[in-house]
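J.: Hey, dropping upload-v3.txt in here, compact mmCIF, C-alpha atoms:
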```
# COMPACT_ATOMS: atom_id res chain seq x y z
CA MET S 1 -24.83 -4.27 8.91
CA GLN S 2 -28.07 -5.84 9.91
CA GLN S 3 -26.54 -8.81 11.70
CA GLY S 4 -23.20 -9.81 13.14
CA PHE S 5 -20.71 -11.83 11.16
CA SER S 6 -21.28 -15.58 10.94
CA ARG S 7 -18.53 -18.03 11.85
CA GLN S 8 -17.77 -18.69 8.16
CA GLU S 9 -17.65 -14.95 7.42
CA ILE S 10 -15.27 -14.38 10.33
CA LYS S 11 -13.05 -17.19 9.03
CA THR S 12 -13.00 -15.76 5.50
CA LEU S 13 -12.31 -12.21 6.67
CA GLY S 14 -9.78 -13.31 9.27
CA LEU S 15 -7.68 -15.54 7.02
CA SER S 16 -7.85 -13.15 4.06
CA SER S 17 -6.90 -10.18 6.21
CA LEU S 18 -4.11 -11.91 8.11
CA GLY S 19 -2.59 -13.19 4.89
CA GLY S 20 -2.76 -9.68 3.42
CA THR S 21 -1.20 -8.22 6.55
CA LEU S 22 1.77 -10.58 6.43
CA GLU S 23 2.33 -10.18 2.68
CA PHE S 24 2.13 -6.40 2.84
CA TYR S 25 4.69 -6.51 5.66
CA ASP S 26 7.04 -8.34 3.29
CA PHE S 27 6.58 -5.69 0.62
CA ILE S 28 6.89 -2.64 2.86
CA ILE S 29 9.53 -3.52 5.47
CA PHE S 30 12.12 -2.13 3.03
CA VAL S 31 11.04 1.42 3.90
CA PHE S 32 11.68 1.04 7.63
CA PHE S 33 15.29 0.02 7.01
CA GLN S 34 15.98 2.17 3.94
CA SER S 35 18.82 4.06 5.68
CA TYR S 36 20.87 0.84 5.83
CA PHE S 37 20.34 0.20 2.13
CA MET S 38 21.67 3.70 1.49
CA THR S 39 24.99 2.82 3.10
CA HIS S 40 25.34 -0.84 2.05
CA PHE S 41 24.13 -0.94 -1.55
CA PHE S 42 25.52 2.22 -3.15
CA PRO S 43 29.03 3.69 -3.52
CA LYS S 44 30.21 5.58 -0.43
CA GLU S 45 31.50 8.46 -2.57
CA LEU S 46 27.92 9.34 -3.56
CA SER S 47 26.44 12.30 -1.69
CA GLN S 48 23.78 11.54 0.91
CA GLU S 49 21.19 13.21 -1.30
CA TRP S 50 21.96 10.89 -4.22
CA GLN S 51 22.01 7.86 -1.94
CA LEU S 52 18.54 8.88 -0.72
CA ILE S 53 17.21 9.31 -4.26
CA ASN S 54 18.74 6.00 -5.44
CA THR S 55 17.32 4.13 -2.44
CA TYR S 56 13.81 5.44 -3.04
CA GLY S 57 14.31 4.70 -6.71
CA ALA S 58 14.99 1.05 -5.84
CA PHE S 59 11.88 1.07 -3.65
CA ALA S 60 9.87 2.51 -6.54
CA ALA S 61 11.10 -0.21 -8.92
CA ALA S 62 8.64 -2.63 -7.36
CA TYR S 63 5.76 -0.47 -8.51
CA VAL S 64 6.93 -0.65 -12.13
CA ALA S 65 6.64 -4.45 -12.03
CA ARG S 66 3.20 -4.55 -10.44
CA PRO S 67 1.14 -4.39 -13.68
CA PHE S 68 2.86 -7.45 -15.15
CA GLY S 69 2.16 -9.65 -12.14
CA GLY S 70 -1.26 -8.18 -11.58
CA VAL S 71 -2.56 -8.65 -15.12
CA ILE S 72 -1.24 -12.20 -15.47
CA MET S 73 -2.56 -13.38 -12.10
CA ALA S 74 -5.89 -11.62 -12.64
CA HIS S 75 -6.31 -13.31 -16.04
CA PHE S 76 -5.96 -16.75 -14.46
CA GLY S 77 -7.99 -15.63 -11.45
CA ASP S 78 -10.94 -14.82 -13.72
CA LYS S 79 -10.52 -18.12 -15.58
CA PHE S 80 -9.49 -20.65 -12.93
CA GLY S 81 -10.49 -19.19 -9.58
CA ARG S 82 -9.75 -16.44 -7.08
CA LYS S 83 -8.29 -18.72 -4.42
CA ASN S 84 -5.57 -20.23 -6.63
CA MET S 85 -4.08 -16.84 -7.49
CA PHE S 86 -4.55 -15.75 -3.90
CA MET S 87 -2.17 -18.56 -2.94
CA LEU S 88 0.30 -17.93 -5.77
CA SER S 89 0.85 -14.27 -4.89
CA ILE S 90 2.15 -15.19 -1.45
CA VAL S 91 4.46 -17.92 -2.75
CA LEU S 92 5.99 -15.41 -5.17
CA MET S 93 6.60 -12.96 -2.31
CA VAL S 94 8.39 -15.38 0.03
CA ILE S 95 11.42 -16.04 -2.18
CA PRO S 96 12.54 -12.43 -2.85
CA THR S 97 11.95 -11.49 0.79
CA PHE S 98 14.31 -14.23 1.92
CA ALA S 99 16.72 -13.01 -0.79
CA LEU S 100 16.89 -9.55 0.80
CA ALA S 101 17.92 -11.16 4.09
CA LEU S 102 20.92 -12.67 2.29
CA ALA S 103 21.63 -9.89 -0.22
CA PRO S 104 25.33 -9.08 -0.85
CA THR S 105 26.48 -5.50 -0.21
CA PHE S 106 28.33 -3.04 -2.47
CA ALA S 107 31.55 -3.72 -0.54
CA GLN S 108 31.23 -7.41 -1.41
CA VAL S 109 30.10 -7.45 -5.04
CA GLY S 110 30.31 -3.85 -6.26
CA TYR S 111 27.64 -2.61 -8.66
CA PHE S 112 25.96 -6.01 -8.67
CA ALA S 113 24.55 -5.06 -5.24
CA PRO S 114 22.21 -2.26 -6.42
CA ILE S 115 21.29 -4.35 -9.48
CA PHE S 116 20.39 -7.28 -7.23
CA LEU S 117 18.40 -4.94 -4.98
CA VAL S 118 16.36 -3.65 -7.91
CA LEU S 119 15.74 -7.19 -9.23
CA VAL S 120 14.46 -8.32 -5.84
CA ARG S 121 12.14 -5.32 -5.63
CA LEU S 122 10.87 -6.10 -9.14
CA CYS S 123 10.03 -9.65 -8.04
CA GLN S 124 8.21 -8.34 -4.98
CA GLY S 125 6.29 -5.96 -7.21
CA ILE S 126 5.12 -8.83 -9.43
CA ALA S 127 3.87 -10.71 -6.36
CA ILE S 128 2.07 -7.80 -4.70
CA GLY S 129 0.48 -6.90 -8.05
CA GLY S 130 -1.93 -9.79 -7.72
CA GLU S 131 -2.32 -9.78 -3.94
CA LEU S 132 -4.45 -6.76 -3.06
CA PRO S 133 -6.79 -6.82 -6.10
CA GLY S 134 -7.25 -10.53 -5.48
CA ALA S 135 -8.01 -9.95 -1.81
CA TRP S 136 -10.56 -7.23 -2.58
CA VAL S 137 -12.33 -9.39 -5.16
CA PHE S 138 -12.23 -12.44 -2.91
CA VAL S 139 -13.73 -10.65 0.11
CA ARG S 140 -16.24 -8.64 -1.96
CA GLU S 141 -17.61 -11.85 -3.49
CA HIS S 142 -17.94 -13.43 -0.06
CA SER S 143 -19.70 -10.40 1.47
CA PRO S 144 -23.46 -9.74 1.79
CA GLU S 145 -24.62 -6.79 -0.33
CA HIS S 146 -25.67 -4.71 2.69
CA SER S 147 -22.27 -5.17 4.39
CA LYS S 148 -19.83 -4.88 1.48
CA GLY S 149 -18.38 -1.60 2.80
CA ALA S 150 -17.72 -3.04 6.24
CA TYR S 151 -16.13 -6.18 4.77
CA ILE S 152 -13.79 -4.33 2.44
CA GLY S 153 -13.04 -1.70 5.10
CA LEU S 154 -11.91 -4.38 7.55
CA LEU S 155 -9.78 -6.06 4.89
CA THR S 156 -8.13 -2.81 3.78
CA SER S 157 -7.54 -1.83 7.40
CA ASN S 158 -5.80 -5.11 8.11
CA VAL S 159 -3.66 -4.84 4.99
CA VAL S 160 -2.55 -1.41 6.24
CA GLY S 161 -1.85 -3.32 9.45
CA GLY S 162 1.02 -4.94 7.55
CA ILE S 163 2.72 -1.54 7.65
CA LEU S 164 1.98 -1.34 11.39
CA LEU S 165 3.57 -4.77 11.83
CA GLY S 166 6.63 -3.44 10.01
CA ALA S 167 6.79 -0.46 12.38
CA ILE S 168 6.47 -2.74 15.42
CA VAL S 169 9.29 -4.97 14.17
CA SER S 170 11.36 -1.84 13.50
CA ILE S 171 10.94 -0.50 17.02
CA ILE S 172 11.69 -3.91 18.57
CA MET S 173 14.89 -4.07 16.53
CA GLN S 174 15.89 -0.63 17.77
CA LEU S 175 15.30 -1.72 21.37
CA ILE S 176 17.22 -4.99 21.06
CA PHE S 177 20.16 -3.87 18.93
CA ASN S 178 22.31 -0.75 19.00
CA GLU S 179 22.84 1.34 15.88
CA ALA S 180 26.20 -0.23 15.09
CA GLU S 181 24.73 -3.74 15.17
CA LEU S 182 21.76 -2.72 13.04
CA LYS S 183 24.03 -1.10 10.49
CA GLU S 184 26.41 -4.05 10.38
CA TRP S 185 24.10 -7.08 10.20
CA ALA S 186 20.88 -6.93 12.26
CA TRP S 187 18.97 -5.05 9.52
CA ARG S 188 18.70 -8.41 7.74
CA ILE S 189 16.59 -10.01 10.49
CA PRO S 190 13.24 -8.33 9.57
CA PHE S 191 13.52 -9.70 6.03
CA ALA S 192 14.16 -13.22 7.31
CA LEU S 193 11.08 -12.80 9.51
CA GLY S 194 9.15 -11.65 6.45
CA GLY S 195 9.98 -14.88 4.66
CA ILE S 196 8.72 -16.85 7.65
CA PHE S 197 5.54 -14.74 7.73
CA GLY S 198 5.03 -15.59 4.06
CA ILE S 199 5.24 -19.31 4.72
CA ILE S 200 2.64 -18.91 7.49
CA SER S 201 0.37 -17.05 5.06
CA VAL S 202 0.59 -19.84 2.49
CA TYR S 203 -0.45 -22.33 5.13
CA LEU S 204 -3.36 -20.22 6.40
CA ARG S 205 -4.87 -19.63 2.97
CA ARG S 206 -5.17 -23.36 2.35
CA PHE S 207 -8.27 -23.21 4.57
CA LEU S 208 -10.13 -20.65 2.41
CA SER S 209 -12.86 -21.69 -0.01
CA GLU S 210 -13.51 -20.40 -3.52
CA THR S 211 -16.02 -17.53 -3.80
CA PRO S 212 -19.67 -18.57 -4.38
CA ILE S 213 -19.97 -16.14 -7.29
CA PHE S 214 -17.04 -17.68 -9.17
CA LYS S 215 -18.41 -21.19 -8.55
CA LYS S 216 -21.74 -20.19 -10.09
CA MET S 217 -20.03 -18.63 -13.11
CA LYS S 218 -17.99 -21.77 -13.66
CA GLU S 219 -21.04 -24.01 -13.35
CA SER S 220 -23.01 -21.81 -15.77
CA ASP S 221 -20.12 -21.64 -18.25
CA LEU S 222 -20.06 -17.81 -18.06
CA LEU S 223 -16.28 -17.45 -17.79
CA GLU S 224 -14.59 -15.17 -20.33
CA GLU S 225 -11.97 -16.67 -22.64
CA LEU S 226 -9.86 -13.49 -22.55
CA PRO S 227 -11.12 -11.26 -19.69
CA ILE S 228 -8.73 -8.36 -20.27
CA LYS S 229 -9.98 -8.00 -23.86
CA LYS S 230 -13.53 -7.42 -22.62
CA VAL S 231 -12.22 -4.93 -20.05
CA PHE S 232 -10.64 -2.85 -22.82
CA SER S 233 -13.59 -3.09 -25.20
CA GLU S 234 -16.51 -2.52 -22.83
CA HIS S 235 -15.26 -0.90 -19.61
CA LYS S 236 -13.07 2.07 -20.53
CA LYS S 237 -14.93 4.36 -18.11
CA GLY S 238 -14.38 1.83 -15.32
CA ILE S 239 -10.65 1.79 -16.11
CA PHE S 240 -10.48 5.60 -16.05
CA ILE S 241 -12.30 5.97 -12.71
CA SER S 242 -10.38 3.08 -11.16
CA MET S 243 -7.01 4.56 -12.12
CA LEU S 244 -7.97 7.95 -10.71
CA ILE S 245 -9.11 6.56 -7.36
CA THR S 246 -5.98 4.36 -7.17
CA TRP S 247 -3.92 7.55 -7.40
CA VAL S 248 -5.60 8.56 -4.14
CA LEU S 249 -4.60 5.33 -2.43
CA THR S 250 -0.96 5.68 -3.50
CA ALA S 251 -0.77 9.15 -1.98
CA CYS S 252 -2.28 7.98 1.31
CA VAL S 253 0.10 5.07 1.76
CA VAL S 254 3.33 6.08 0.05
CA VAL S 255 3.38 9.75 1.10
CA LEU S 256 1.73 9.93 4.52
CA VAL S 257 2.67 6.58 6.02
CA LEU S 258 5.95 5.62 4.36
CA ILE S 259 7.77 8.80 3.39
CA VAL S 260 6.67 11.70 5.62
CA PRO S 261 7.79 10.05 8.90
CA ASN S 262 11.32 9.59 7.51
CA PHE S 263 11.45 13.26 6.56
CA ALA S 264 9.99 14.40 9.89
CA LYS S 265 12.71 12.55 11.78
CA SER S 266 15.43 14.64 10.14
CA VAL S 267 13.57 17.97 9.98
CA LEU S 268 12.30 17.98 13.58
CA GLN S 269 15.26 16.01 14.99
CA ILE S 270 12.97 13.34 16.45
CA GLU S 271 14.50 10.37 18.24
CA PRO S 272 14.19 7.25 16.04
CA ILE S 273 12.04 5.29 18.52
CA ILE S 274 9.72 8.26 19.16
CA ASN S 275 9.43 8.84 15.41
CA THR S 276 8.53 5.20 14.83
CA CYS S 277 5.86 5.50 17.54
CA LEU S 278 4.40 8.54 15.75
CA GLN S 279 4.41 6.59 12.50
CA MET S 280 2.62 3.72 14.23
CA GLY S 281 0.04 6.19 15.52
CA GLY S 282 -0.52 7.43 11.97
CA ILE S 283 -0.95 3.89 10.67
CA LEU S 284 -3.41 3.08 13.46
CA PHE S 285 -5.45 6.19 12.68
CA MET S 286 -5.49 5.22 9.00
CA MET S 287 -6.71 1.74 9.88
CA ILE S 288 -9.54 3.26 11.93
CA GLY S 289 -10.29 5.56 9.00
CA CYS S 290 -10.59 2.58 6.63
CA ILE S 291 -13.04 0.85 8.96
CA SER S 292 -15.01 4.10 9.35
CA THR S 293 -15.34 4.70 5.61
CA GLY S 294 -16.52 1.12 5.09
CA ALA S 295 -19.18 1.28 7.81
CA LEU S 296 -20.32 4.79 6.89
CA SER S 297 -20.60 3.96 3.17
CA ASP S 298 -22.99 1.11 3.96
CA HIS S 299 -25.31 3.60 5.65
CA PHE S 300 -24.84 6.87 3.71
CA GLY S 301 -23.53 5.76 0.33
CA ILE S 302 -20.05 5.63 -1.15
CA SER S 303 -20.17 8.95 -2.99
CA ARG S 304 -21.32 11.12 -0.06
CA VAL S 305 -18.82 9.77 2.44
CA CYS S 306 -15.97 9.94 -0.09
CA LYS S 307 -16.64 13.65 -0.69
CA VAL S 308 -16.55 14.48 3.02
CA PHE S 309 -13.32 12.56 3.61
CA ALA S 310 -11.71 14.15 0.53
CA ILE S 311 -12.28 17.69 1.86
CA PHE S 312 -10.90 17.02 5.34
CA TRP S 313 -7.99 14.93 4.08
CA GLY S 314 -6.82 17.68 1.71
CA VAL S 315 -7.03 20.41 4.37
CA PHE S 316 -5.21 18.52 7.10
CA SER S 317 -2.53 17.29 4.70
CA LEU S 318 -1.69 20.91 3.90
CA LEU S 319 -1.60 21.79 7.59
CA CYS S 320 0.63 18.81 8.33
CA PHE S 321 3.29 19.90 5.83
CA TYR S 322 3.07 23.50 7.07
CA GLU S 323 3.75 22.40 10.65
CA LEU S 324 6.59 20.14 9.48
CA TYR S 325 8.57 22.51 7.28
CA SER S 326 7.38 26.06 8.04
CA HIS S 327 6.23 26.22 11.66
CA LYS S 328 8.30 23.20 12.78
CA ASN S 329 6.13 22.61 15.84
CA LEU S 330 6.34 18.97 16.91
CA ILE S 331 3.06 18.96 18.85
CA LEU S 332 1.01 20.59 16.08
CA TYR S 333 2.76 18.45 13.47
CA THR S 334 1.80 15.32 15.41
CA LEU S 335 -1.82 16.46 15.77
CA THR S 336 -2.29 17.40 12.11
CA TYR S 337 -0.41 14.28 10.96
CA LEU S 338 -2.66 11.94 12.93
CA ILE S 339 -5.85 13.67 11.75
CA ALA S 340 -4.62 13.62 8.13
CA CYS S 341 -3.91 9.88 8.52
CA TYR S 342 -7.43 9.24 9.83
CA PHE S 343 -9.01 10.96 6.82
CA ALA S 344 -6.52 9.08 4.61
CA GLY S 345 -8.92 6.23 5.32
CA ILE S 346 -10.35 7.60 2.07
CA MET S 347 -8.04 5.02 0.46
CA ASN S 348 -10.73 2.44 1.23
CA PHE S 349 -12.88 3.98 -1.51
CA THR S 350 -10.40 2.59 -4.03
CA PRO S 351 -11.67 -1.01 -3.67
CA LEU S 352 -15.23 0.11 -2.86
CA ILE S 353 -15.49 1.97 -6.15
CA MET S 354 -13.46 -0.44 -8.28
CA THR S 355 -15.42 -3.55 -7.30
CA GLU S 356 -18.55 -1.81 -8.59
CA CYS S 357 -16.97 -0.65 -11.86
CA PHE S 358 -16.54 -4.12 -13.37
CA PRO S 359 -18.92 -7.10 -13.74
CA VAL S 360 -18.07 -10.40 -12.08
CA GLN S 361 -16.73 -12.10 -15.23
CA VAL S 362 -13.90 -9.56 -15.61
CA ARG S 363 -13.79 -8.06 -12.11
CA PHE S 364 -10.37 -9.39 -11.15
CA SER S 365 -8.80 -8.42 -14.48
CA GLY S 366 -10.41 -4.97 -14.59
CA ILE S 367 -9.40 -4.08 -11.04
CA SER S 368 -5.93 -5.53 -11.29
CA PHE S 369 -5.08 -3.84 -14.58
CA SER S 370 -6.39 -0.42 -13.53
CA TYR S 371 -5.02 -0.54 -10.01
CA ASN S 372 -1.55 -1.82 -10.85
CA LEU S 373 -1.02 0.41 -13.88
CA ALA S 374 -2.00 3.50 -11.90
CA TYR S 375 0.10 2.39 -8.92
CA ALA S 376 3.08 1.70 -11.19
CA ILE S 377 2.91 5.22 -12.63
CA ALA S 378 2.29 7.01 -9.33
CA GLY S 379 4.42 4.73 -7.16
CA ALA S 380 7.39 5.04 -9.50
CA TYR S 381 7.56 8.83 -9.38
CA ILE S 382 6.17 9.69 -5.92
CA PRO S 383 9.18 8.56 -3.81
CA VAL S 384 11.67 10.39 -6.03
CA LEU S 385 9.41 13.47 -6.35
CA LEU S 386 8.88 13.67 -2.59
CA ALA S 387 12.60 13.24 -1.97
CA GLN S 388 13.26 16.22 -4.26
CA MET S 389 10.51 18.24 -2.56
CA HIS S 390 12.00 17.41 0.83
CA ILE S 391 15.44 18.61 -0.26
CA MET S 392 13.99 21.89 -1.56
CA ALA S 393 11.72 22.41 1.44
CA SER S 394 14.66 21.91 3.81
CA LYS S 395 16.74 24.58 2.08
CA THR S 396 14.22 27.35 1.37
CA ASN S 397 12.21 30.00 3.18
CA SER S 398 9.45 29.93 0.57
CA ILE S 399 6.24 28.69 2.19
CA LEU S 400 4.96 27.39 -1.16
CA LEU S 401 8.03 25.19 -1.58
CA GLN S 402 7.91 24.14 2.05
CA ILE S 403 4.32 22.91 1.75
CA SER S 404 4.77 21.54 -1.78
CA GLY S 405 4.17 17.99 -0.53
CA GLY S 406 0.93 19.13 1.09
CA ILE S 407 -0.12 20.84 -2.13
CA TYR S 408 0.43 17.55 -3.95
CA LEU S 409 -1.87 15.76 -1.50
CA PHE S 410 -4.45 18.54 -1.74
CA ILE S 411 -4.55 18.10 -5.52
CA ILE S 412 -5.05 14.37 -5.03
CA SER S 413 -7.93 15.08 -2.61
CA ILE S 414 -9.61 17.07 -5.39
CA ILE S 415 -9.24 14.04 -7.66
CA ALA S 416 -10.90 11.91 -4.96
CA TYR S 417 -13.82 14.36 -4.85
CA ILE S 418 -14.12 14.22 -8.65
CA CYS S 419 -14.20 10.40 -8.53
CA ALA S 420 -17.02 10.57 -5.97
CA CYS S 421 -18.96 12.82 -8.35
CA LEU S 422 -18.34 10.53 -11.33
CA VAL S 423 -19.73 7.51 -9.51
CA ALA S 424 -22.55 9.29 -7.66
CA LYS S 425 -25.31 8.02 -9.98
CA LYS S 426 -23.87 4.51 -10.24
CA MET S 427 -23.53 4.17 -6.48
```
The structure given in the file should be rewritten as structure tokens.

T.:
Amino acid sequence: MQQGFSRQEIKTLGLSSLGGTLEFYDFIIFVFFQSYFMTHFFPKELSQEWQLINTYGAFAAAYVARPFGGVIMAHFGDKFGRKNMFMLSIVLMVIPTFALALAPTFAQVGYFAPIFLVLVRLCQGIAIGGELPGAWVFVREHSPEHSKGAYIGLLTSNVVGGILLGAIVSIIMQLIFNEAELKEWAWRIPFALGGIFGIISVYLRRFLSETPIFKKMKESDLLEELPIKKVFSEHKKGIFISMLITWVLTACVVVLVLIVPNFAKSVLQIEPIINTCLQMGGILFMMIGCISTGALSDHFGISRVCKVFAIFWGVFSLLCFYELYSHKNLILYTLTYLIACYFAGIMNFTPLIMTECFPVQVRFSGISFSYNLAYAIAGAYIPVLLAQMHIMASKTNSILLQISGGIYLFIISIIAYICACLVAKKM
């Protein structure tokens, strides 16, 4: 960056980021309290393994719904304005989050409980489908060309901060309530808080202004009648690259931040509060990584920095899984986990690359379709796949099976490197 942020830029970044933080908290808090859903929303006669798989299946349901919400909101965002859809996504998140706070259990309504749980997650998926693509487009179109990496890096970091907020709420709940109280009723409190956070977000975003780029398009009558049609007809390469790089983001967030800490707690017998602190450390390192990739890409180029982060992320992800399942050394696991999370800041190249793959007229639609479709595919299978890998890794002496999760992340790091090569000339 050549200059500091102006007051208007700080306002735009601050309100966009805070809103994203609070909405992502609503979407992700489910993971921190998944053990209570296992016991309350599924038959007790099911084995713990099947309860685990069903719970992560319900979590994954939200990813299936993301493309529907994303494409619809992006269509109207490209036609009627970024800010309007930015507001709508939060409103659509508040209602299902409050619903989880009041959700009936299996003991109360039988099989309607897991059905209700899946429906709520589907609604949350529709809402979040338009949130992050909308935020990336909104901030990118407010950012100076020489600072676009820093802008998007700060936004992405703060959205990841929504997961950190979830971890903080989780640890506070563990300090205030005992396990019996959490299991009985207190697990509902974080979801009620999430609904309140959503209302705050709606209020805050009223003070944002429409992007200058969209205003100019509207004044010049350059808006597309059917943006998604142009995306399909003229930007197939952009869709392909965007879906590949989104696969990278899903692995960073879903595997490293959301799933691995839950597995580490059982494998290494870590106290719940200590484990949550380690998870918070990983989230913080990822946030720093997002800021780093944004700032570095402004100076050295998107492609070069992405390649470097891809190599280190793949290596340390492998080492992390080795220390978790094979060596089972808590200190080395913690060290490799935190380093892997820092280089997982590579996820910031998802918006950096995607915002350059589509022209302004169809940017929201192109990003939203590619991102949400890829996330729906990857997000739907990753939780269940990792749960199966965890079960196998916990029961075998085969190093290959024990580090299978790390191998998955290493393969994804290769995909990130390929994406950097594909966009090298364009960037």

J.: Taking only C-alpha atoms into account, produce a table as a Markdown table in which each residue of range 226-262 of chain S with an atom at most 10 Å from an atom of range 78-100 of chain S appears once, together with its shortest atom pair and the distance in Å to one decimal, ordered by chain and rising number.

T.:
```
| residue | atom | partner | partner_atom | distance |
| --- | --- | --- | --- | --- |
| S:Leu226 | CA | S:Lys79 | CA | 8.4 |
| S:Pro227 | CA | S:Asp78 | CA | 7.0 |
| S:Ile228 | CA | S:Asp78 | CA | 9.5 |
```

J.: Between S:Asn329, S:Gly20, S:Phe321, S:Leu296, which residue has the minimum interatomic distance to Gln269 in chain S, considering all atoms listed in the file?

T.: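 Among the listed residues, the smallest separation from Gln269 in chain S belongs to S:Asn329.
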
J.: Output, as AutoDock Vina command-line options, the centre and edge lengths in Å (one decimal) of the axis-aligned box that contains all listed atoms of range 393-411 of chain S with 3 Å of margin on each side.

T.:
```
--center_x 6.1 --center_y 22.9 --center_z -0.9 --size_x 27.3 --size_y 20.2 --size_z 15.3
```

J.: Tell me, as a PDB file with C-alpha atoms, in the frame of the given file, which residues lie within 10 Å of Ala340 in chain S, counting all atoms listed in the file; anything in the same chain fewer than 2 positions away does not count.

T.:
```pdb
ATOM      1  CA  CYS S 252      -2.280   7.980   1.310  1.00  0.00           C
ATOM      2  CA  LEU S 256       1.730   9.930   4.520  1.00  0.00           C
ATOM      3  CA  GLY S 282      -0.520   7.430  11.970  1.00  0.00           C
ATOM      4  CA  PHE S 285      -5.450   6.190  12.680  1.00  0.00           C
ATOM      5  CA  MET S 286      -5.490   5.220   9.000  1.00  0.00           C
ATOM      6  CA  GLY S 289     -10.290   5.560   9.000  1.00  0.00           C
ATOM      7  CA  PHE S 309     -13.320  12.560   3.610  1.00  0.00           C
ATOM      8  CA  PHE S 312     -10.900  17.020   5.340  1.00  0.00           C
ATOM      9  CA  TRP S 313      -7.990  14.930   4.080  1.00  0.00           C
ATOM     10  CA  GLY S 314      -6.820  17.680   1.710  1.00  0.00           C
ATOM     11  CA  VAL S 315      -7.030  20.410   4.370  1.00  0.00           C
ATOM     12  CA  PHE S 316      -5.210  18.520   7.100  1.00  0.00           C
ATOM     13  CA  SER S 317      -2.530  17.290   4.700  1.00  0.00           C
ATOM     14  CA  LEU S 318      -1.690  20.910   3.900  1.00  0.00           C
ATOM     15  CA  LEU S 319      -1.600  21.790   7.590  1.00  0.00           C
ATOM     16  CA  CYS S 320       0.630  18.810   8.330  1.00  0.00           C
ATOM     17  CA  THR S 334       1.800  15.320  15.410  1.00  0.00           C
ATOM     18  CA  LEU S 335      -1.820  16.460  15.770  1.00  0.00           C
ATOM     19  CA  THR S 336      -2.290  17.400  12.110  1.00  0.00           C
ATOM     20  CA  TYR S 337      -0.410  14.280  10.960  1.00  0.00           C
ATOM     21  CA  LEU S 338      -2.660  11.940  12.930  1.00  0.00           C
ATOM     22  CA  TYR S 342      -7.430   9.240   9.830  1.00  0.00           C
ATOM     23  CA  PHE S 343      -9.010  10.960   6.820  1.00  0.00           C
ATOM     24  CA  ALA S 344      -6.520   9.080   4.610  1.00  0.00           C
ATOM     25  CA  GLY S 345      -8.920   6.230   5.320  1.00  0.00           C
TER      26      GLY S 345
END
```

J.: Please provide the set of residues having any atom within 7 Å of Met389 in chain S, restricted to all atoms listed in the file, with same-chain residues fewer than 3 positions apart removed, written as a VMD selection string.

T.: chain S and resid 385 to 386 392 to 393 404 to 405

J.: For range 411-420 of chain S, work out the shell of residues within 10 Å, counting all atoms listed in the file and skipping chain neighbours fewer than 4 positions away, then give it as a PyMOL selection string.

T.: chain S and resi 240-252+302-315+317+344+346-347+349-350+353+406-407+424-425+427

J.: Suppose we keep C-alpha atoms; can you now write the selection as an mmCIF file, in the frame of the given file?

T.:
```
data_model
loop_
_atom_site.group_PDB
_atom_site.id
_atom_site.type_symbol
_atom_site.label_atom_id
_atom_site.label_comp_id
_atom_site.auth_asym_id
_atom_site.auth_seq_id
_atom_site.Cartn_x
_atom_site.Cartn_y
_atom_site.Cartn_z
ATOM 1 C CA PHE S 240 -10.480 5.600 -16.050
ATOM 2 C CA ILE S 241 -12.300 5.970 -12.710
ATOM 3 C CA SER S 242 -10.380 3.080 -11.160
ATOM 4 C CA MET S 243 -7.010 4.560 -12.120
ATOM 5 C CA LEU S 244 -7.970 7.950 -10.710
ATOM 6 C CA ILE S 245 -9.110 6.560 -7.360
ATOM 7 C CA THR S 246 -5.980 4.360 -7.170
ATOM 8 C CA TRP S 247 -3.920 7.550 -7.400
ATOM 9 C CA VAL S 248 -5.600 8.560 -4.140
ATOM 10 C CA LEU S 249 -4.600 5.330 -2.430
ATOM 11 C CA THR S 250 -0.960 5.680 -3.500
ATOM 12 C CA ALA S 251 -0.770 9.150 -1.980
ATOM 13 C CA CYS S 252 -2.280 7.980 1.310
ATOM 14 C CA ILE S 302 -20.050 5.630 -1.150
ATOM 15 C CA SER S 303 -20.170 8.950 -2.990
ATOM 16 C CA ARG S 304 -21.320 11.120 -0.060
ATOM 17 C CA VAL S 305 -18.820 9.770 2.440
ATOM 18 C CA CYS S 306 -15.970 9.940 -0.090
ATOM 19 C CA LYS S 307 -16.640 13.650 -0.690
ATOM 20 C CA VAL S 308 -16.550 14.480 3.020
ATOM 21 C CA PHE S 309 -13.320 12.560 3.610
ATOM 22 C CA ALA S 310 -11.710 14.150 0.530
ATOM 23 C CA ILE S 311 -12.280 17.690 1.860
ATOM 24 C CA PHE S 312 -10.900 17.020 5.340
ATOM 25 C CA TRP S 313 -7.990 14.930 4.080
ATOM 26 C CA GLY S 314 -6.820 17.680 1.710
ATOM 27 C CA VAL S 315 -7.030 20.410 4.370
ATOM 28 C CA SER S 317 -2.530 17.290 4.700
ATOM 29 C CA ALA S 344 -6.520 9.080 4.610
ATOM 30 C CA ILE S 346 -10.350 7.600 2.070
ATOM 31 C CA MET S 347 -8.040 5.020 0.460
ATOM 32 C CA PHE S 349 -12.880 3.980 -1.510
ATOM 33 C CA THR S 350 -10.400 2.590 -4.030
ATOM 34 C CA ILE S 353 -15.490 1.970 -6.150
ATOM 35 C CA GLY S 406 0.930 19.130 1.090
ATOM 36 C CA ILE S 407 -0.120 20.840 -2.130
ATOM 37 C CA ALA S 424 -22.550 9.290 -7.660
ATOM 38 C CA LYS S 425 -25.310 8.020 -9.980
ATOM 39 C CA MET S 427 -23.530 4.170 -6.480
#
```

J.: Show me, as an MDAnalysis selection string, the residues that have an atom within 7 Å of Gly162 in chain S when counting all atoms listed in the file, minus same-chain residues fewer than 6 positions from it.

T.: chainID S and resid 21:22 24:25

J.: Can you pull out the residues contacting Pro272 in chain S? Cut-off 12 Å, using all atoms listed in the file, and skip same-chain residues under 6 positions away; I want them as a ChimeraX atom specification.

T.: /S:32-33,35,167,170-175,178-179,261-266,278-279
